[in-house]
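Novice: One structure is given below, represented as structure tokens, and several questions about it will come after.
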Amino acid sequence: MKYFIKKLTEKFIEGALFLSSTVTTLTIILIVFFLFREGFSLFKHSPVEDGFVIAVNKGNPVDKITGPQIMDIFDQEITNWEKVGGANDSIILFRIDNISDYYTEAQLGDSFQYVPQLISRLIDSIPGMVAFIPATYAVDGFKGRVIELPNVSMKKFFTEKEWYPTAQPAAQMGVLALIMGTLWVSLGAILLALPLGLATAIYMAEIANEKTRRVLKPLIELLAGIPSVVYGFFGLVIIVPLIQKVFELPVGETGLAGSIILAIMALPTIITISEDALRTTPRAMKEASLALGANKWQTISRVTVPYAASGISAAAILGMGRAIGETMAVLMVTGNAAVMPHTLLEPVRTIPATIAAELGEATQGGLHFKALFALGCILFIITMVVNLTVEYISSKRKLTKR
Amino acid sequence: MNHIIATEKLNLFYNDFHALKDINMKMRANTVTALIGPSGCGKSTYLRLFNRMNDLIDGVKITGDVRVEGKDIYEKNTDVVDLRRKVGMVFQKPNPFPKTIFENVAYGLRVNGINDNGFIKDKVEQSLVQSALWDEVKDKMNKSAFELSGGQQQRLCIARALAIEPSIILMDEPASALDPISTAKIEELIYELKQNYTIVIVTHNMQQAARVSDHTAFFYLGELIEYGETKEIFTNPKDKKTQNYITGRFG
Amino acid sequence: MDWPKKSERNKNLKQIIAFTSFKLLSYAVVMILFLILAQIVFKGFSVISWEFLTAMPEDGMTKGGIFPAIVGTFYLVLGSMIFAFPIGVLSAIYINEYTKDSFYKRFIKLMTNSLAGIPSIVFGLFGMTLFVNTLGFGDSILAGSLTLGLLTLPVVIRTTEEALKSVDDSFRHGGYALGATKLQTIRRVVLPIAFPNIITGLILSIGRVSGETAPILFTVAAYFLPKLPSGIFDQVMALPYHLYVISTSGTNVAESQPIAYGTALVLIMIVLLVNIAANTLRRYLGKKVKMN
């Protein structure tokens, strides 16, 4: 009996251990589920905010208007129905605020109870009118016609540059500028960090003596331990003013500031992984080079570095991946202007910074909220690709160079 | 004066550890000398004296004379690079560089400042012919050296050493990681190379020492126990320890 | 063979140039670290006082202390560790000691590495939908701790696995030879030997959790909340978020700068202390295990 209980306990504990080991997998599955459910629902949604509709006169022949067109109409870039496939008639805009242009306060009623009917009547009476009104007004007895805008398209999401997720009447969801901003800043970071990191890795792995190495190593680990907000704060008080002064810019919050901070943050990753890769070079291979009359530098540059090349590239890719996903430090120093970057000396905005800055203001489950989750999906996919690439490189390395 | 390598009263320490004790030994040009003995006896350390490979290890101290071609190579103004060009080395495991077959052989020439591509090309071919690898690789000179088999890689490493025209070749258990057929090829090659080079080979394999070498030296616990003609050592060892070792009682 | 004489001097010159510049570049990296530390330590040191550490923020966070943020971060670290330590350690034990199937092992490893690579802001999004909304915890210590816990899980698993791997198999075989079951061997032999390294890894992950901002933005962190939490469903302030707020979007960024320096210094001190504690403990426990 006692034996049986013991056996049972062992099995039970083994089961608990097994369950624990599934948690990481489970988490990834859940992340994918929640992120993509929310993110993809963006593309089943019209660019008009929930609870609002676009309405026109019943006699208006136009039945298809795209998001950008409606924006142009309300920005008065398009002023004639002919431009969007209608009759030659000028467009008259109506926003809810315009109601006072047509009716007096008394007509609207004490608690504005007559507003819906009045708007309905107004649309009916003016053939060229287009109105952006709450959906609750366009119910039974409404004399206008509601126009359904086509859903936010995935193609436009990725190819358009305008990011105005809260624009009315139609939100503009082009993430190209954000993607480019992210890539620019990260690429700049890697270009700065890679030479510096590689040099340090080579110095630590091949040149410095054991004593120097034992001092450098923990310092670099410490660099990795500093929280990203502290880097952001340092960037804000030191780097940003410096950039402003050196380049004589109106503001110092630029892509360059982001790149510099990200470069510092990527250094420990690049140094540690490259150093490990350099150390895997077999001693005999380095000796063979020296035995042929090469000096230490020739051996490093012609044998050790080429041998470690795949490991070093893994370090660079991983560093880039970290840079792409970094949020706080970048948010604090890049100025966050959602426009296409032309140089690194302009304010830019990255994907993670956009999520961090805007999610607090977005309505739960609304259009903007979904768009931010779609950004999260992009980020997730990018980092997954980075991770899998690194895994692939390192598994291949293990196979070929035993 | 045809002793191309000689050591006299040679002592070597790794920090406090006395690794080689009073070694006196002379080797003649165009011979093959085998260094045998159990692991840790100092034979590899001894081999690595002649191209000053021990310099790379911290805490090594050497007293006594090491002469290569009559010159004391541990003198202050010795040109180590020049020495290493004269004394080539082949290692235990094949260790080609992460480069093409061609560039592996050309490496020694390039790092020593030779840029004449025509000359390099001829020299690479010549070295590969000498190491009996040319026919197997002549059509894939631009392939990675890692694509070759272990035995081919080791012959490539020999070609690499030959390309800079050394007069002495040190071999540190060159066939220990290879299959019997590749081993036979390497041994055959050693026999051929003897015409033009002086070869010192460390080996664990008693039969191999007996097959390829003219002279054999038996090391034990950092001491040179016995040194003489291979035939003598294997058929009529003077020291009891030598006898025990070659008959397989320890090691 | 005739060797070109000039090349010898040439290649040695190149070596000197290369080695010197590498050395300088390495020192530059260390200099960056010192620059950051020096800046924050010098400016932050004068701000830090007993009062700063124990008082509530005042005057739109331009005066007063950071006590609620310290307490908040403490709770978040504690909460995330309560979640991540057991699961992480158990998971690592299963992967390293029980799985023979190399495919499952590789799969779990891939998943763990992938999870470690996911940006912290994505964890924030995930924590918000799952814990705050779907499970209905609201912005709370519970939601924030769980999010941070998931974020640290891969770190805990990896360090524990490394620690277990470094235990020589002979110890395990010794355990079996004495008739111990697998579980007994793990508990009495393997874990005690791996313990110093496991605990070091765990302590180091505390440093990481205390500095994370993005995951708590939408799961727990309060902009300004000058009172202490009374339960796990309360919102709290947290040090990293507080630093972010007062240096970018506080009521008066210029005036709160001293407080920002003080907060940054407290954060750095936590990381430093955690590092020192981990190393000391490793050395101390390492000796003890060896002696036994």
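Chain labels follow the order of the structure tokens: the first chain is A, the next B, and so on; residue numbering restarts at 1 in every chain, and ligands are counted from 1 in their shown order.
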Show me, as a ChimeraX atom specification, the residues that have an atom within 10 Å of Ile48 in chain C when counting only C-alpha atoms, minus same-chain residues fewer than 2 positions from it.
Specialist: /C:43-46,50-53,65,258-259,261-263,265-266
Novice: Write down, as a list in words, each residue of chain B that has any atom within 6 Å of an atom of chain A, counting only C-alpha atoms.
Specialist: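 Taken together, these residues fit the definition: Val81, Arg84, Arg85, Asn95, Pro98, Gly108 and Val111 of chain B.
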Novice: Near chain C, which residues of chain B fall within 7 Å when you count only C-alpha atoms, and what do they look like as a ChimeraX atom specification?
Specialist: /B:112-113,165
Novice: Need the shell around Ile271 in chain A: protein/DNA/RNA residues with any atom at most 9 Å away, counting only C-alpha atoms. Skip same-chain ones fewer than 4 positions apart. Format as number ranges by chain?
Specialist: A: 194, 196-202, 204, 220, 266-267, 275-276, 315
Novice: Taking only residues of chain C that have an atom at most 6 Å from an atom of chain A, what is each one's shortest atom pair and its distance in Å to one decimal, using only C-alpha atoms, in chain and number order, as a tab-separated table?
Specialist:
residue	atom	partner	partner_atom	distance
C:Gln15	CA	A:Trp297	CA	5.2
C:Phe22	CA	A:Ala199	CA	5.2
C:Ser26	CA	A:Thr200	CA	4.5
C:Ile87	CA	A:Ser20	CA	5.3
C:Leu90	CA	A:Leu17	CA	5.2
C:Ser91	CA	A:Ser21	CA	4.0
C:Tyr94	CA	A:Leu17	CA	5.3
C:Met111	CA	A:Thr25	CA	5.7
C:Thr112	CA	A:Thr24	CA	5.8
C:Ser114	CA	A:Asn387	CA	6.0
C:Pro119	CA	A:Gly325	CA	4.7
C:Val122	CA	A:Gly376	CA	5.9
C:Phe126	CA	A:Ile31	CA	5.9
C:Gly211	CA	A:Pro227	CA	4.6
C:Ala264	CA	A:Val230	CA	5.9
Novice: Could you name the residues that touch Lys71 in chain B at 12 Å or less, counting only C-alpha atoms, but leaving out those on the same chain fewer than 2 positions away, as a PyMOL selection string?
Specialist: chain B and resi 3-7+50+65-69+73-79+83
Novice: Step one, run DSSP on the backbone; step two, keep only residues of range 36-127 of chain C assigned to alpha helix (DSSP H); then write them as a PyMOL selection string.
Specialist: chain C and resi 36-45+50-54+67-93+102-117+120-127
Novice: Could you list, as an MDAnalysis selection string, every residue within 10 Å of Gly248 in chain B, counting only C-alpha atoms and ignoring same-chain residues fewer than 5 positions away?
Specialist: chainID B and resid 206 242:243
Novice: Extract, using only C-alpha atoms, all DNA, RNA and protein residues at most 10 Å from Asn98 in chain A, discarding same-chain residues fewer than 5 positions from it, and format them as number ranges by chain.
Specialist: A: 93, 103, 131
Novice: Identify, on the basis of only C-alpha atoms, every residue whose closest approach to Pro96 in chain B does not exceed 8 Å; exclude the query and any residue fewer than 3 positions from it along the same chain; express the result as a list in words.
Specialist: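 Contacts, in chain order: Met285 of chain A; Lys99, Asn104, Ala145, Phe146, Gln153, Gln154, Leu156 and Cys157 of chain B.
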Novice: With C-alpha atoms retained, could you export that selection as a PDB file, in the first residue's frame?
Specialist:
ATOM      1  CA  MET A 285      42.758  25.810 -36.289  1.00  0.00           C
TER       2      MET A 285
ATOM      3  CA  LYS B  99      37.893  28.627 -46.844  1.00  0.00           C
ATOM      4  CA  ASN B 104      43.569  26.692 -47.732  1.00  0.00           C
ATOM      5  CA  ALA B 145      37.446  22.448 -47.625  1.00  0.00           C
ATOM      6  CA  PHE B 146      34.834  21.117 -45.168  1.00  0.00           C
ATOM      7  CA  GLN B 153      41.223  17.033 -45.209  1.00  0.00           C
ATOM      8  CA  GLN B 154      44.343  15.784 -43.473  1.00  0.00           C
ATOM      9  CA  LEU B 156      44.997  19.033 -47.559  1.00  0.00           C
ATOM     10  CA  CYS B 157      46.543  20.152 -44.282  1.00  0.00           C
TER      11      CYS B 157
END
Novice: Counting only C-alpha atoms, which of A:Leu249, A:Trp81, A:Gly174, A:Glu49 gets nearest to Lys161 in chain A?
Specialist: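 Selected residue with least distance to Lys161 in chain A: A:Gly174.
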Novice: From a DSSP pass on the backbone, collect the residues of range 138-339 of chain A flagged as strand (DSSP E or B) and hand them back as a PyMOL selection string.
Specialist: chain A and resi 145-147+163-164+170+172-173+335
Novice: Write a file of the selected residues as a PDB file, in the first residue's frame, keeping C-alpha atoms.
Specialist:
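Resulting contents of result21.pdb:
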ATOM      1  CA  ARG A 145     -29.467  56.693 -47.429  1.00  0.00           C
ATOM      2  CA  VAL A 146     -26.580  55.214 -45.502  1.00  0.00           C
ATOM      3  CA  ILE A 147     -23.445  54.485 -47.532  1.00  0.00           C
ATOM      4  CA  TRP A 163      -1.502  56.938 -40.053  1.00  0.00           C
ATOM      5  CA  TYR A 164      -4.496  58.855 -38.686  1.00  0.00           C
ATOM      6  CA  ALA A 170     -12.880  57.678 -41.948  1.00  0.00           C
ATOM      7  CA  GLN A 172      -6.579  56.279 -42.177  1.00  0.00           C
ATOM      8  CA  MET A 173      -4.635  53.178 -41.372  1.00  0.00           C
ATOM      9  CA  GLY A 335       9.873  62.404 -31.224  1.00  0.00           C
TER      10      GLY A 335
END
Novice: Using only C-alpha atoms, which of the listed residues (C:Pro215, C:Gly60, C:Gly286, C:Gly144) sits closest to Asn197 in chain C?
Specialist: C:Gly286
Novice: Between CA of Asp234 in chain C and CA of Val220 in chain C, what distance in Å does the model show, to one decimal?
Specialist: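 Between CA of Asp234 in chain C and CA of Val220 in chain C the gap is 8.0 Å.
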